[in-house]
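These notes are about the structure you will find just below.
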Amino acid sequence: MGMFDTLIFKSFFTCEECNSEIKSTQTKQFENLLSTYTEGDFIHGAKIITGVIKEKLLCNNCSHSQQDIFISIWHSLFIGAYNNYNEAEKRIGSIEKTDLLDYIFFQQKRYVEFIKEYNSFYSLVYRFSEYCEDKENYFKNMHFYFSRKELEEYVKNDNVNETLKNILNDFQGNQDRPDDKIF
């Protein structure tokens, strides 16, 4: 099968065979870099800038894969997935320039949240590496007073592998995409 990208739907589709909810599909219509997109995301490597792409749904429950859906792309933005071509085309025609401002605000908000999360993660890993170099004196240094409690929680067990695993688990980020619909 090779590499692909994943599209996550805000409105679920129902499998025609078993009535299971289908929350996403895979596609080879873009860059095929194992990227994940949800409605409102800019799609890198889209073969069209504005238009409708036909794709097949795959049901994870019964493996039925004959159901067509239509992906709406507007100026390289994934703006929706629909059961029929006319709905997808209508969605593209209904986009206004003010929708772009909503999109920009949404993306900037996600970017700021990511930067905050990344900086917290980096800071904690950096402090942990310093702690590992001088466990005896690390907590005596007043420079680290404000972040002391957080790090003390992680290093309770004095097992480097376990501590790093706990830090990584806490900073996996929000795997679920926001539920608020942009477009």
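All residue names refer to the structure tokens as shown: chains lettered A, B, ... in order, residues numbered from 1 in each chain, ligands numbered from 1 in order.
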
For Lys47 in chain A: contacts at 10 Å, only C-alpha atoms, fewer than 6 positions along chain excluded, given as an MDAnalysis selection string: chainID A and resid 29:31 53 76

Between range 60-140 of chain A and range 4-15 of chain A, at 9 Å or less, what are the per-residue closest atom pairs and their distances in Å? Count only C-alpha atoms, order by chain and rising residue number, and return it as a Markdown table.
```
| residue | atom | partner | partner_atom | distance |
| --- | --- | --- | --- | --- |
| A:Asn61 | CA | A:Cys15 | CA | 8.9 |
| A:Cys62 | CA | A:Cys15 | CA | 8.6 |
| A:His64 | CA | A:Cys15 | CA | 7.5 |
| A:Ser65 | CA | A:Cys15 | CA | 9.0 |
| A:Gln67 | CA | A:Cys15 | CA | 7.6 |
| A:Phe78 | CA | A:Leu7 | CA | 8.8 |
| A:Gly80 | CA | A:Phe9 | CA | 7.6 |
| A:Ala81 | CA | A:Phe9 | CA | 7.0 |
| A:Tyr82 | CA | A:Phe13 | CA | 8.6 |
| A:Asn83 | CA | A:Phe13 | CA | 8.2 |
```

Straight-line distance linking CA of Ala46 in chain A with CA of Leu33 in chain A, stated in Å to one decimal: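 Taking CA of Ala46 in chain A as the start and CA of Leu33 in chain A as the end point, the length is 12.1 Å.
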
Surrounding residues of range 132-137 of chain A excluding itself and chain neighbours under 2 positions, 12 Å, only C-alpha atoms, as a list of chain:residue names: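 Returned residues: A:Val125, A:Tyr126, A:Arg127, A:Phe128, A:Ser129, A:Glu130, A:Phe139, A:Lys140, A:Asn141, A:Met142, A:His143, A:Phe144, A:Leu151, A:Glu152, A:Val155, A:Lys156, A:Asp158, A:Asn159, A:Val160, A:Asn161, A:Thr163, A:Leu164.
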
Atomic distance CA of Asn32 in chain A - CA of Glu55 in chain A, expressed in Å with one decimal: 14.4 Å

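Here CA of Ile79 in chain A and CA of Ser35 in chain A stand 16.4 Å from one another.
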
All alpha helix (DSSP H) residues (DSSP, backbone) inside range 21-165 of chain A, as a PyMOL selection string: chain A and resi 85-94+97-133+145-154+160-165

Backbone-only DSSP, strand (DSSP E) members of range 41-73 of chain A, as a ChimeraX atom specification: /A:51-57,67-73
